[in-house]
file model_31.pdb (PDB, C-alpha atoms, pLDDT in the B column)
MODEL        1
ATOM      1  CA  MET A   1      95.337 136.995  81.252  1.00 48.00           C
ATOM      2  CA  PRO A   2      96.759 139.091  78.414  1.00 52.00           C
ATOM      3  CA  ILE A   3      99.143 140.963  80.698  1.00 54.00           C
ATOM      4  CA  TYR A   4     101.807 138.271  80.281  1.00 61.00           C
ATOM      5  CA  ARG A   5     102.043 139.249  76.607  1.00 68.00           C
ATOM      6  CA  ILE A   6     103.505 142.651  77.485  1.00 71.00           C
ATOM      7  CA  ALA A   7     106.710 143.322  75.521  1.00 74.00           C
ATOM      8  CA  VAL A   8     109.359 145.973  76.168  1.00 75.00           C
ATOM      9  CA  GLY A   9     110.575 146.152  72.584  1.00 64.00           C
ATOM     10  CA  ASN A  10     113.885 146.424  70.820  1.00 71.00           C
ATOM     11  CA  PRO A  11     115.845 149.655  71.485  1.00 72.00           C
ATOM     12  CA  GLY A  12     116.263 150.060  67.746  1.00 70.00           C
ATOM     13  CA  GLU A  13     112.488 150.287  67.354  1.00 70.00           C
ATOM     14  CA  ALA A  14     112.456 153.881  68.646  1.00 69.00           C
ATOM     15  CA  GLY A  15     114.499 155.033  65.664  1.00 72.00           C
ATOM     16  CA  HIS A  16     112.924 152.785  63.036  1.00 78.00           C
ATOM     17  CA  PRO A  17     111.397 154.777  60.139  1.00 87.00           C
ATOM     18  CA  ASP A  18     108.038 152.991  60.460  1.00 90.00           C
ATOM     19  CA  ALA A  19     107.843 153.778  64.175  1.00 90.00           C
ATOM     20  CA  LEU A  20     108.728 157.419  63.582  1.00 93.00           C
ATOM     21  CA  LYS A  21     106.152 157.690  60.805  1.00 96.00           C
ATOM     22  CA  ALA A  22     103.556 156.180  63.126  1.00 96.00           C
ATOM     23  CA  ALA A  23     104.442 158.656  65.866  1.00 96.00           C
ATOM     24  CA  LEU A  24     104.162 161.534  63.400  1.00 97.00           C
ATOM     25  CA  ALA A  25     100.725 160.257  62.368  1.00 97.00           C
ATOM     26  CA  GLU A  26      99.660 160.254  66.028  1.00 98.00           C
ATOM     27  CA  PHE A  27     100.982 163.799  66.451  1.00 98.00           C
ATOM     28  CA  ILE A  28      99.056 165.081  63.424  1.00 98.00           C
ATOM     29  CA  SER A  29      95.839 163.283  64.319  1.00 98.00           C
ATOM     30  CA  MET A  30      95.990 164.555  67.888  1.00 98.00           C
ATOM     31  CA  LEU A  31      96.607 168.083  66.650  1.00 98.00           C
ATOM     32  CA  ILE A  32      93.557 167.832  64.359  1.00 97.00           C
ATOM     33  CA  PHE A  33      91.401 166.371  67.141  1.00 98.00           C
ATOM     34  CA  VAL A  34      92.342 168.823  69.892  1.00 98.00           C
ATOM     35  CA  PHE A  35      92.254 171.867  67.607  1.00 97.00           C
ATOM     36  CA  ALA A  36      88.665 171.079  66.623  1.00 96.00           C
ATOM     37  CA  GLY A  37      87.501 169.858  70.026  1.00 95.00           C
ATOM     38  CA  GLU A  38      89.084 172.538  72.190  1.00 95.00           C
ATOM     39  CA  GLY A  39      88.425 175.100  69.476  1.00 95.00           C
ATOM     40  CA  SER A  40      84.687 174.371  69.555  1.00 93.00           C
ATOM     41  CA  GLY A  41      84.643 175.233  73.253  1.00 92.00           C
ATOM     42  CA  MET A  42      86.544 178.454  72.644  1.00 93.00           C
ATOM     43  CA  ALA A  43      84.157 179.357  69.831  1.00 93.00           C
ATOM     44  CA  PHE A  44      81.225 178.814  72.204  1.00 90.00           C
ATOM     45  CA  ASN A  45      82.845 181.136  74.743  1.00 89.00           C
ATOM     46  CA  LYS A  46      83.387 183.720  72.019  1.00 91.00           C
ATOM     47  CA  LEU A  47      79.755 183.579  70.869  1.00 89.00           C
ATOM     48  CA  THR A  48      78.343 183.732  74.417  1.00 87.00           C
ATOM     49  CA  ASN A  49      80.855 186.212  75.868  1.00 85.00           C
ATOM     50  CA  ASN A  50      82.104 183.508  78.230  1.00 79.00           C
ATOM     51  CA  GLY A  51      78.578 182.704  79.308  1.00 72.00           C
ATOM     52  CA  SER A  52      77.621 179.658  81.351  1.00 71.00           C
ATOM     53  CA  THR A  53      77.514 176.259  79.708  1.00 76.00           C
ATOM     54  CA  THR A  54      74.181 175.403  78.103  1.00 85.00           C
ATOM     55  CA  PRO A  55      72.715 172.124  76.816  1.00 88.00           C
ATOM     56  CA  GLU A  56      73.291 173.428  73.296  1.00 88.00           C
ATOM     57  CA  GLY A  57      76.959 174.018  74.088  1.00 90.00           C
ATOM     58  CA  LEU A  58      77.310 170.483  75.436  1.00 93.00           C
ATOM     59  CA  VAL A  59      75.757 169.025  72.285  1.00 94.00           C
ATOM     60  CA  ALA A  60      78.039 171.166  70.126  1.00 93.00           C
ATOM     61  CA  ALA A  61      81.095 169.937  72.069  1.00 94.00           C
ATOM     62  CA  ALA A  62      79.985 166.317  71.725  1.00 96.00           C
ATOM     63  CA  LEU A  63      79.488 166.665  67.974  1.00 97.00           C
ATOM     64  CA  ALA A  64      82.777 168.486  67.440  1.00 96.00           C
ATOM     65  CA  HIS A  65      84.744 165.850  69.347  1.00 97.00           C
ATOM     66  CA  ALA A  66      82.917 162.959  67.670  1.00 97.00           C
ATOM     67  CA  PHE A  67      83.467 164.325  64.158  1.00 97.00           C
ATOM     68  CA  ALA A  68      87.094 165.311  64.780  1.00 97.00           C
ATOM     69  CA  LEU A  69      87.959 161.971  66.381  1.00 97.00           C
ATOM     70  CA  PHE A  70      86.351 160.116  63.488  1.00 97.00           C
ATOM     71  CA  VAL A  71      88.678 162.010  61.139  1.00 96.00           C
ATOM     72  CA  GLY A  72      91.729 161.690  63.399  1.00 97.00           C
ATOM     73  CA  VAL A  73      91.339 157.928  63.757  1.00 96.00           C
ATOM     74  CA  SER A  74      90.579 157.446  60.055  1.00 95.00           C
ATOM     75  CA  VAL A  75      93.625 159.300  58.743  1.00 95.00           C
ATOM     76  CA  ALA A  76      96.053 157.510  61.098  1.00 95.00           C
ATOM     77  CA  ALA A  77      94.484 154.037  61.142  1.00 93.00           C
ATOM     78  CA  ASN A  78      96.636 152.561  58.380  1.00 92.00           C
ATOM     79  CA  ILE A  79      99.848 154.129  59.719  1.00 94.00           C
ATOM     80  CA  SER A  80      99.800 153.987  63.511  1.00 94.00           C
ATOM     81  CA  GLY A  81      96.545 152.203  64.262  1.00 93.00           C
ATOM     82  CA  GLY A  82      94.817 155.534  64.881  1.00 94.00           C
ATOM     83  CA  HIS A  83      95.039 155.563  68.680  1.00 97.00           C
ATOM     84  CA  VAL A  84      94.809 159.365  69.123  1.00 97.00           C
ATOM     85  CA  ASN A  85      94.679 158.782  72.878  1.00 98.00           C
ATOM     86  CA  PRO A  86      97.320 157.722  75.426  1.00 98.00           C
ATOM     87  CA  ALA A  87      94.669 155.597  77.173  1.00 98.00           C
ATOM     88  CA  VAL A  88      93.970 153.666  73.965  1.00 98.00           C
ATOM     89  CA  THR A  89      97.708 153.191  73.496  1.00 97.00           C
ATOM     90  CA  PHE A  90      97.988 151.962  77.084  1.00 97.00           C
ATOM     91  CA  GLY A  91      95.137 149.511  76.502  1.00 96.00           C
ATOM     92  CA  ALA A  92      96.857 148.175  73.392  1.00 95.00           C
ATOM     93  CA  PHE A  93     100.071 147.774  75.399  1.00 95.00           C
ATOM     94  CA  ILE A  94      98.333 145.919  78.238  1.00 94.00           C
ATOM     95  CA  GLY A  95      96.882 143.510  75.679  1.00 92.00           C
ATOM     96  CA  GLY A  96     100.292 142.884  74.137  1.00 90.00           C
ATOM     97  CA  HIS A  97      99.474 144.573  70.822  1.00 91.00           C
ATOM     98  CA  ILE A  98     102.265 147.179  70.978  1.00 92.00           C
ATOM     99  CA  THR A  99     105.580 147.343  72.812  1.00 92.00           C
ATOM    100  CA  LEU A 100     106.532 149.600  75.721  1.00 93.00           C
ATOM    101  CA  LEU A 101     108.928 151.542  73.504  1.00 93.00           C
ATOM    102  CA  ARG A 102     106.215 152.251  70.961  1.00 94.00           C
ATOM    103  CA  LEU A 103     103.868 153.270  73.771  1.00 95.00           C
ATOM    104  CA  ILE A 104     106.399 155.849  74.964  1.00 94.00           C
ATOM    105  CA  LEU A 105     106.913 157.096  71.397  1.00 95.00           C
ATOM    106  CA  TYR A 106     103.161 157.433  70.858  1.00 97.00           C
ATOM    107  CA  TRP A 107     102.627 159.162  74.208  1.00 98.00           C
ATOM    108  CA  ILE A 108     105.280 161.767  73.439  1.00 97.00           C
ATOM    109  CA  ALA A 109     103.756 162.432  70.014  1.00 98.00           C
ATOM    110  CA  GLN A 110     100.195 162.591  71.384  1.00 98.00           C
ATOM    111  CA  LEU A 111     101.086 164.980  74.209  1.00 98.00           C
ATOM    112  CA  LEU A 112     103.066 167.230  71.881  1.00 98.00           C
ATOM    113  CA  GLY A 113     100.206 167.248  69.379  1.00 98.00           C
ATOM    114  CA  SER A 114      97.796 168.413  72.060  1.00 98.00           C
ATOM    115  CA  VAL A 115     100.111 171.147  73.329  1.00 98.00           C
ATOM    116  CA  VAL A 116     100.834 172.437  69.819  1.00 98.00           C
ATOM    117  CA  ALA A 117      97.115 172.475  68.994  1.00 98.00           C
ATOM    118  CA  CYS A 118      96.385 174.561  72.105  1.00 97.00           C
ATOM    119  CA  LEU A 119      99.243 176.951  71.356  1.00 98.00           C
ATOM    120  CA  LEU A 120      97.920 177.412  67.813  1.00 98.00           C
ATOM    121  CA  LEU A 121      94.429 178.047  69.187  1.00 97.00           C
ATOM    122  CA  LYS A 122      95.704 180.599  71.692  1.00 96.00           C
ATOM    123  CA  PHE A 123      97.601 182.436  68.968  1.00 96.00           C
ATOM    124  CA  SER A 124      94.913 182.295  66.274  1.00 96.00           C
ATOM    125  CA  THR A 125      92.150 183.454  68.640  1.00 94.00           C
ATOM    126  CA  GLY A 126      94.102 186.505  69.765  1.00 93.00           C
ATOM    127  CA  GLY A 127      95.068 185.151  73.161  1.00 92.00           C
ATOM    128  CA  MET A 128      91.834 183.502  74.303  1.00 93.00           C
ATOM    129  CA  GLU A 129      92.244 181.046  77.166  1.00 91.00           C
ATOM    130  CA  THR A 130      92.454 177.340  76.421  1.00 92.00           C
ATOM    131  CA  SER A 131      90.342 176.205  79.344  1.00 90.00           C
ATOM    132  CA  ALA A 132      91.718 173.244  81.272  1.00 93.00           C
ATOM    133  CA  PHE A 133      89.400 170.424  82.281  1.00 95.00           C
ATOM    134  CA  ALA A 134      87.797 171.020  85.669  1.00 94.00           C
ATOM    135  CA  LEU A 135      85.264 169.449  87.989  1.00 95.00           C
ATOM    136  CA  SER A 136      81.822 170.990  88.154  1.00 93.00           C
ATOM    137  CA  SER A 137      80.351 172.281  91.388  1.00 92.00           C
ATOM    138  CA  GLY A 138      79.363 169.436  93.675  1.00 93.00           C
ATOM    139  CA  VAL A 139      81.520 166.887  91.836  1.00 95.00           C
ATOM    140  CA  SER A 140      84.359 165.425  93.892  1.00 96.00           C
ATOM    141  CA  ALA A 141      87.605 164.008  92.558  1.00 97.00           C
ATOM    142  CA  SER A 142      86.393 160.494  93.383  1.00 97.00           C
ATOM    143  CA  ASN A 143      83.138 161.113  91.481  1.00 97.00           C
ATOM    144  CA  ALA A 144      85.099 162.299  88.447  1.00 97.00           C
ATOM    145  CA  LEU A 145      87.515 159.377  88.737  1.00 98.00           C
ATOM    146  CA  VAL A 146      84.644 156.890  88.437  1.00 98.00           C
ATOM    147  CA  PHE A 147      83.223 158.844  85.493  1.00 97.00           C
ATOM    148  CA  GLU A 148      86.565 158.733  83.680  1.00 98.00           C
ATOM    149  CA  ILE A 149      87.096 155.034  84.418  1.00 98.00           C
ATOM    150  CA  VAL A 150      83.666 154.028  83.119  1.00 98.00           C
ATOM    151  CA  MET A 151      83.693 156.307  80.065  1.00 98.00           C
ATOM    152  CA  THR A 152      87.191 155.262  79.030  1.00 98.00           C
ATOM    153  CA  PHE A 153      86.299 151.621  79.588  1.00 98.00           C
ATOM    154  CA  GLY A 154      83.504 152.055  77.040  1.00 98.00           C
ATOM    155  CA  LEU A 155      85.835 153.782  74.609  1.00 98.00           C
ATOM    156  CA  VAL A 156      88.672 151.247  74.784  1.00 98.00           C
ATOM    157  CA  TYR A 157      86.241 148.319  74.740  1.00 97.00           C
ATOM    158  CA  THR A 158      84.820 149.783  71.524  1.00 96.00           C
ATOM    159  CA  VAL A 159      88.324 150.150  70.090  1.00 96.00           C
ATOM    160  CA  TYR A 160      89.105 146.522  70.858  1.00 95.00           C
ATOM    161  CA  ALA A 161      85.831 145.264  69.387  1.00 94.00           C
ATOM    162  CA  THR A 162      85.990 147.255  66.155  1.00 93.00           C
ATOM    163  CA  ALA A 163      89.703 147.757  65.502  1.00 92.00           C
ATOM    164  CA  VAL A 164      91.888 145.350  67.523  1.00 91.00           C
ATOM    165  CA  ASP A 165      90.021 142.033  67.517  1.00 89.00           C
ATOM    166  CA  PRO A 166      91.450 139.811  64.714  1.00 85.00           C
ATOM    167  CA  LYS A 167      87.934 138.409  64.183  1.00 81.00           C
ATOM    168  CA  LYS A 168      86.510 141.848  63.361  1.00 73.00           C
ATOM    169  CA  GLY A 169      86.636 141.160  59.624  1.00 65.00           C
ATOM    170  CA  ASN A 170      86.619 143.954  57.084  1.00 66.00           C
ATOM    171  CA  VAL A 171      84.774 146.598  59.114  1.00 60.00           C
ATOM    172  CA  GLY A 172      86.428 149.436  57.190  1.00 68.00           C
ATOM    173  CA  ILE A 173      84.989 152.777  58.194  1.00 80.00           C
ATOM    174  CA  VAL A 174      82.856 151.296  60.982  1.00 90.00           C
ATOM    175  CA  ALA A 175      85.647 151.448  63.587  1.00 92.00           C
ATOM    176  CA  PRO A 176      86.329 155.217  63.357  1.00 94.00           C
ATOM    177  CA  ILE A 177      82.590 155.925  63.334  1.00 95.00           C
ATOM    178  CA  ALA A 178      81.942 153.745  66.390  1.00 96.00           C
ATOM    179  CA  ILE A 179      84.894 155.291  68.246  1.00 97.00           C
ATOM    180  CA  GLY A 180      83.706 158.814  67.435  1.00 97.00           C
ATOM    181  CA  PHE A 181      80.141 157.936  68.472  1.00 97.00           C
ATOM    182  CA  ILE A 182      81.099 156.538  71.877  1.00 98.00           C
ATOM    183  CA  VAL A 183      83.210 159.606  72.653  1.00 98.00           C
ATOM    184  CA  GLY A 184      80.390 161.941  71.623  1.00 97.00           C
ATOM    185  CA  ALA A 185      77.862 159.952  73.673  1.00 98.00           C
ATOM    186  CA  ASN A 186      80.130 159.940  76.727  1.00 97.00           C
ATOM    187  CA  ILE A 187      80.575 163.713  76.483  1.00 97.00           C
ATOM    188  CA  LEU A 188      76.789 164.061  76.569  1.00 97.00           C
ATOM    189  CA  ALA A 189      76.765 161.834  79.671  1.00 96.00           C
ATOM    190  CA  GLY A 190      79.756 163.191  81.578  1.00 96.00           C
ATOM    191  CA  GLY A 191      80.565 166.567  80.079  1.00 94.00           C
ATOM    192  CA  ALA A 192      78.453 168.473  82.580  1.00 94.00           C
ATOM    193  CA  PHE A 193      80.241 166.804  85.503  1.00 96.00           C
ATOM    194  CA  ASP A 194      83.966 166.694  84.739  1.00 95.00           C
ATOM    195  CA  GLY A 195      84.308 167.627  81.067  1.00 94.00           C
ATOM    196  CA  ALA A 196      84.414 163.963  79.960  1.00 95.00           C
ATOM    197  CA  SER A 197      88.038 163.761  78.878  1.00 96.00           C
ATOM    198  CA  MET A 198      88.666 160.000  78.428  1.00 97.00           C
ATOM    199  CA  ASN A 199      91.994 161.110  76.977  1.00 98.00           C
ATOM    200  CA  PRO A 200      95.002 162.258  79.043  1.00 98.00           C
ATOM    201  CA  ALA A 201      96.481 164.146  76.076  1.00 98.00           C
ATOM    202  CA  VAL A 202      93.281 166.140  75.530  1.00 97.00           C
ATOM    203  CA  SER A 203      93.497 167.253  79.160  1.00 97.00           C
ATOM    204  CA  PHE A 204      97.261 167.783  79.091  1.00 98.00           C
ATOM    205  CA  GLY A 205      97.463 170.371  76.301  1.00 97.00           C
ATOM    206  CA  PRO A 206      95.045 172.922  77.799  1.00 97.00           C
ATOM    207  CA  ALA A 207      96.567 172.362  81.257  1.00 97.00           C
ATOM    208  CA  VAL A 208     100.050 173.176  79.962  1.00 97.00           C
ATOM    209  CA  VAL A 209      99.048 176.258  77.966  1.00 97.00           C
ATOM    210  CA  SER A 210      96.814 177.673  80.727  1.00 95.00           C
ATOM    211  CA  TRP A 211      99.092 176.251  83.449  1.00 96.00           C
ATOM    212  CA  THR A 212      96.119 174.922  85.410  1.00 95.00           C
ATOM    213  CA  TRP A 213      96.700 171.610  87.180  1.00 96.00           C
ATOM    214  CA  SER A 214      93.835 171.341  89.670  1.00 95.00           C
ATOM    215  CA  ASN A 215      92.681 167.696  89.839  1.00 96.00           C
ATOM    216  CA  HIS A 216      94.656 166.993  86.677  1.00 97.00           C
ATOM    217  CA  TRP A 217      95.634 163.579  88.018  1.00 98.00           C
ATOM    218  CA  VAL A 218      92.009 162.449  87.647  1.00 98.00           C
ATOM    219  CA  TYR A 219      92.303 162.789  83.861  1.00 98.00           C
ATOM    220  CA  TRP A 220      95.282 160.427  83.814  1.00 98.00           C
ATOM    221  CA  VAL A 221      94.467 157.858  86.474  1.00 98.00           C
ATOM    222  CA  GLY A 222      90.813 157.379  85.467  1.00 98.00           C
ATOM    223  CA  PRO A 223      91.391 156.820  81.733  1.00 98.00           C
ATOM    224  CA  LEU A 224      94.385 154.536  82.296  1.00 98.00           C
ATOM    225  CA  ILE A 225      92.473 152.350  84.762  1.00 98.00           C
ATOM    226  CA  GLY A 226      89.441 152.189  82.468  1.00 98.00           C
ATOM    227  CA  ALA A 227      91.637 151.323  79.487  1.00 98.00           C
ATOM    228  CA  ALA A 228      93.450 148.563  81.372  1.00 97.00           C
ATOM    229  CA  ILE A 229      90.187 146.970  82.554  1.00 97.00           C
ATOM    230  CA  ALA A 230      88.705 147.044  79.050  1.00 97.00           C
ATOM    231  CA  ALA A 231      91.871 145.584  77.511  1.00 95.00           C
ATOM    232  CA  ILE A 232      92.132 142.747  80.027  1.00 94.00           C
ATOM    233  CA  ILE A 233      88.437 141.825  79.784  1.00 95.00           C
ATOM    234  CA  TYR A 234      88.155 141.952  76.004  1.00 95.00           C
ATOM    235  CA  ASP A 235      91.503 140.348  75.257  1.00 92.00           C
ATOM    236  CA  HIS A 236      91.069 137.571  77.815  1.00 90.00           C
ATOM    237  CA  ILE A 237      87.427 136.691  77.094  1.00 92.00           C
ATOM    238  CA  TYR A 238      86.963 137.411  73.390  1.00 92.00           C
ATOM    239  CA  ILE A 239      90.395 137.216  71.770  1.00 88.00           C
ATOM    240  CA  GLY A 240      92.266 134.675  73.861  1.00 79.00           C
ATOM    241  CA  ASP A 241      95.571 132.990  73.139  1.00 68.00           C
ATOM    242  CA  ASN A 242      94.534 131.204  69.971  1.00 59.00           C
ATOM    243  CA  ALA A 243      93.333 134.309  68.116  1.00 56.00           C
ATOM    244  CA  HIS A 244      95.879 136.753  69.506  1.00 51.00           C
ATOM    245  CA  GLU A 245      98.195 138.136  66.812  1.00 54.00           C
ATOM    246  CA  GLN A 246     101.799 137.827  67.938  1.00 51.00           C
ATOM    247  CA  LEU A 247     103.951 140.936  67.768  1.00 52.00           C
ATOM    248  CA  PRO A 248     106.666 140.776  65.096  1.00 48.00           C
ATOM    249  CA  THR A 249     109.903 139.426  66.553  1.00 43.00           C
ATOM    250  CA  THR A 250     111.653 142.603  65.401  1.00 46.00           C
ATOM    251  CA  ASP A 251     109.601 144.508  67.976  1.00 48.00           C
ATOM    252  CA  TYR A 252     111.138 142.599  70.886  1.00 33.00           C
TER     253      TYR A 252
ENDMDL
END
call {"tool": "encode", "arguments": {"input": "model_31.pdb", "output": "structure tokens"}}
result
Amino acid sequence: MPIYRIAVGNPGEAGHPDALKAALAEFISMLIFVFAGEGSGMAFNKLTNNGSTTPEGLVAAALAHAFALFVGVSVAANISGGHVNPAVTFGAFIGGHITLLRLILYWIAQLLGSVVACLLLKFSTGGMETSAFALSSGVSASNALVFEIVMTFGLVYTVYATAVDPKKGNVGIVAPIAIGFIVGANILAGGAFDGASMNPAVSFGPAVVSWTWSNHWVYWVGPLIGAAIAAIIYDHIYIGDNAHEQLPTTDY
């Protein structure tokens, strides 16, 4: 099991220039992603006078998130790994590919990026509401939890296959495209039920700015469970001990 590879990290890592640059890259990419994704929903509300969600609106949200995530992952890939998601970071940690200290650094940057993006949206739209993620009518918290687990499993499994696996070869631009595609597809599948977050930071920013916390725990617990399952399965079955890339000793 890959869980024995978990590393806490060296206290000096938190202040290392490379770690700080990586955290800044995560902050910027998250800001780009949330501004476009959340902004597309606000634009839909503006155009429809806060009308009910339509199939066209769901498709628009899926495309906006897929395109923005493709960009966010691409621009940060060579600096931080392009996680742009606390669940992806958690999956990388479970597989022993980053340390606990770097996880905390990334999470802080990702959450701040989401909050700043929502604050910028609220200001630039003249005070429009940044709608928090919510469950649709007839959808229970347990229903949404399963949705988030399964959708995030697919996302993190895709990340491992296209970006983490040492045997991936020179896939180049394929990884960001695949990651954007699976998020867009999952929004089409789950968006009508619970918003299809798959990303605790994406849920956190709107919740903070609108101060709406109903069922917010679902958007943390579900993605983290799904990420952990995907990391353990992919790392244990397809990467294994022989192919696993050891963390640099300076990260311990």
call {"tool": "atom_distance", "arguments": {"input": "model_31.pdb", "atom1": "CA of Thr152 in chain A", "atom2": "CA of Lys122 in chain A"}}
result
27.7 Å
call {"tool": "residues_around", "arguments": {"input": "model_31.pdb", "residues": "Ile149 in chain A", "least_positions_apart": "5", "cutoff": "7 Å", "atoms": "only C-alpha atoms", "output": "PyMOL selection string"}}
result
chain A and resi 222-223+225-226
call {"tool": "atom_distance", "arguments": {"input": "model_31.pdb", "atom1": "CA of Ser137 in chain A", "atom2": "CA of Ile187 in chain A"}}
result
17.2 Å
call {"tool": "resolve_selection", "arguments": {"input": "model_31.pdb", "expression": "the PyMOL selection byres ((chain A and resi 40) around 10)", "output": "VMD selection string"}}
result
chain A and resid 34 to 39 41 to 46 57 60 to 65
call {"tool": "closest_residue", "arguments": {"input": "model_31.pdb", "among": "A:Leu119, A:Leu100, A:Val8, A:Met151", "to": "Leu188 in chain A", "atoms": "all atoms listed in the file"}}
result
A:Met151
call {"tool": "atom_distance", "arguments": {"input": "model_31.pdb", "atom1": "CA of Ala196 in chain A", "atom2": "CA of Gly81 in chain A"}}
result
23.1 Å
call {"tool": "residues_around", "arguments": {"input": "model_31.pdb", "residues": "range 23-31 of chain A", "least_positions_apart": "4", "cutoff": "6 Å", "atoms": "only C-alpha atoms", "output": "JSON, numbers by chain"}}
result
{"A": [35, 72, 76, 84, 106, 109, 110, 113, 114, 117]}
call {"tool": "closest_residue", "arguments": {"input": "model_31.pdb", "among": "A:Val202, A:Val164, A:Leu121, A:Val150", "to": "Gly96 in chain A", "atoms": "all atoms listed in the file"}}
result
A:Val164
call {"tool": "closest_atom_pairs", "arguments": {"input": "model_31.pdb", "of": "range 63-98 of chain A", "to": "range 174-178 of chain A", "cutoff": "7 Å", "atoms": "all atoms listed in the file", "output": "Markdown table"}}
result
| residue | atom | partner | partner_atom | distance |
| --- | --- | --- | --- | --- |
| A:Phe70 | CA | A:Pro176 | CA | 4.9 |
| A:Val73 | CA | A:Pro176 | CA | 5.7 |
| A:Ser74 | CA | A:Pro176 | CA | 5.8 |
call {"tool": "resolve_selection", "arguments": {"input": "model_31.pdb", "expression": "the PyMOL selection byres ((chain A and resi 91) around 10)", "output": "PDB file with C-alpha atoms, in the frame of the given file"}}
result
ATOM      1  CA  HIS A  83      95.039 155.563  68.680  1.00 97.00           C
ATOM      2  CA  ASN A  85      94.679 158.782  72.878  1.00 98.00           C
ATOM      3  CA  PRO A  86      97.320 157.722  75.426  1.00 98.00           C
ATOM      4  CA  ALA A  87      94.669 155.597  77.173  1.00 98.00           C
ATOM      5  CA  VAL A  88      93.970 153.666  73.965  1.00 98.00           C
ATOM      6  CA  THR A  89      97.708 153.191  73.496  1.00 97.00           C
ATOM      7  CA  PHE A  90      97.988 151.962  77.084  1.00 97.00           C
ATOM      8  CA  ALA A  92      96.857 148.175  73.392  1.00 95.00           C
ATOM      9  CA  PHE A  93     100.071 147.774  75.399  1.00 95.00           C
ATOM     10  CA  ILE A  94      98.333 145.919  78.238  1.00 94.00           C
ATOM     11  CA  GLY A  95      96.882 143.510  75.679  1.00 92.00           C
ATOM     12  CA  GLY A  96     100.292 142.884  74.137  1.00 90.00           C
ATOM     13  CA  HIS A  97      99.474 144.573  70.822  1.00 91.00           C
ATOM     14  CA  ILE A  98     102.265 147.179  70.978  1.00 92.00           C
ATOM     15  CA  LEU A 103     103.868 153.270  73.771  1.00 95.00           C
ATOM     16  CA  PHE A 153      86.299 151.621  79.588  1.00 98.00           C
ATOM     17  CA  VAL A 156      88.672 151.247  74.784  1.00 98.00           C
ATOM     18  CA  TYR A 157      86.241 148.319  74.740  1.00 97.00           C
ATOM     19  CA  VAL A 159      88.324 150.150  70.090  1.00 96.00           C
ATOM     20  CA  TYR A 160      89.105 146.522  70.858  1.00 95.00           C
ATOM     21  CA  PRO A 223      91.391 156.820  81.733  1.00 98.00           C
ATOM     22  CA  LEU A 224      94.385 154.536  82.296  1.00 98.00           C
ATOM     23  CA  ILE A 225      92.473 152.350  84.762  1.00 98.00           C
ATOM     24  CA  GLY A 226      89.441 152.189  82.468  1.00 98.00           C
ATOM     25  CA  ALA A 227      91.637 151.323  79.487  1.00 98.00           C
ATOM     26  CA  ALA A 228      93.450 148.563  81.372  1.00 97.00           C
ATOM     27  CA  ILE A 229      90.187 146.970  82.554  1.00 97.00           C
ATOM     28  CA  ALA A 230      88.705 147.044  79.050  1.00 97.00           C
ATOM     29  CA  ALA A 231      91.871 145.584  77.511  1.00 95.00           C
ATOM     30  CA  ILE A 232      92.132 142.747  80.027  1.00 94.00           C
ATOM     31  CA  ASP A 235      91.503 140.348  75.257  1.00 92.00           C
TER      32      ASP A 235
END
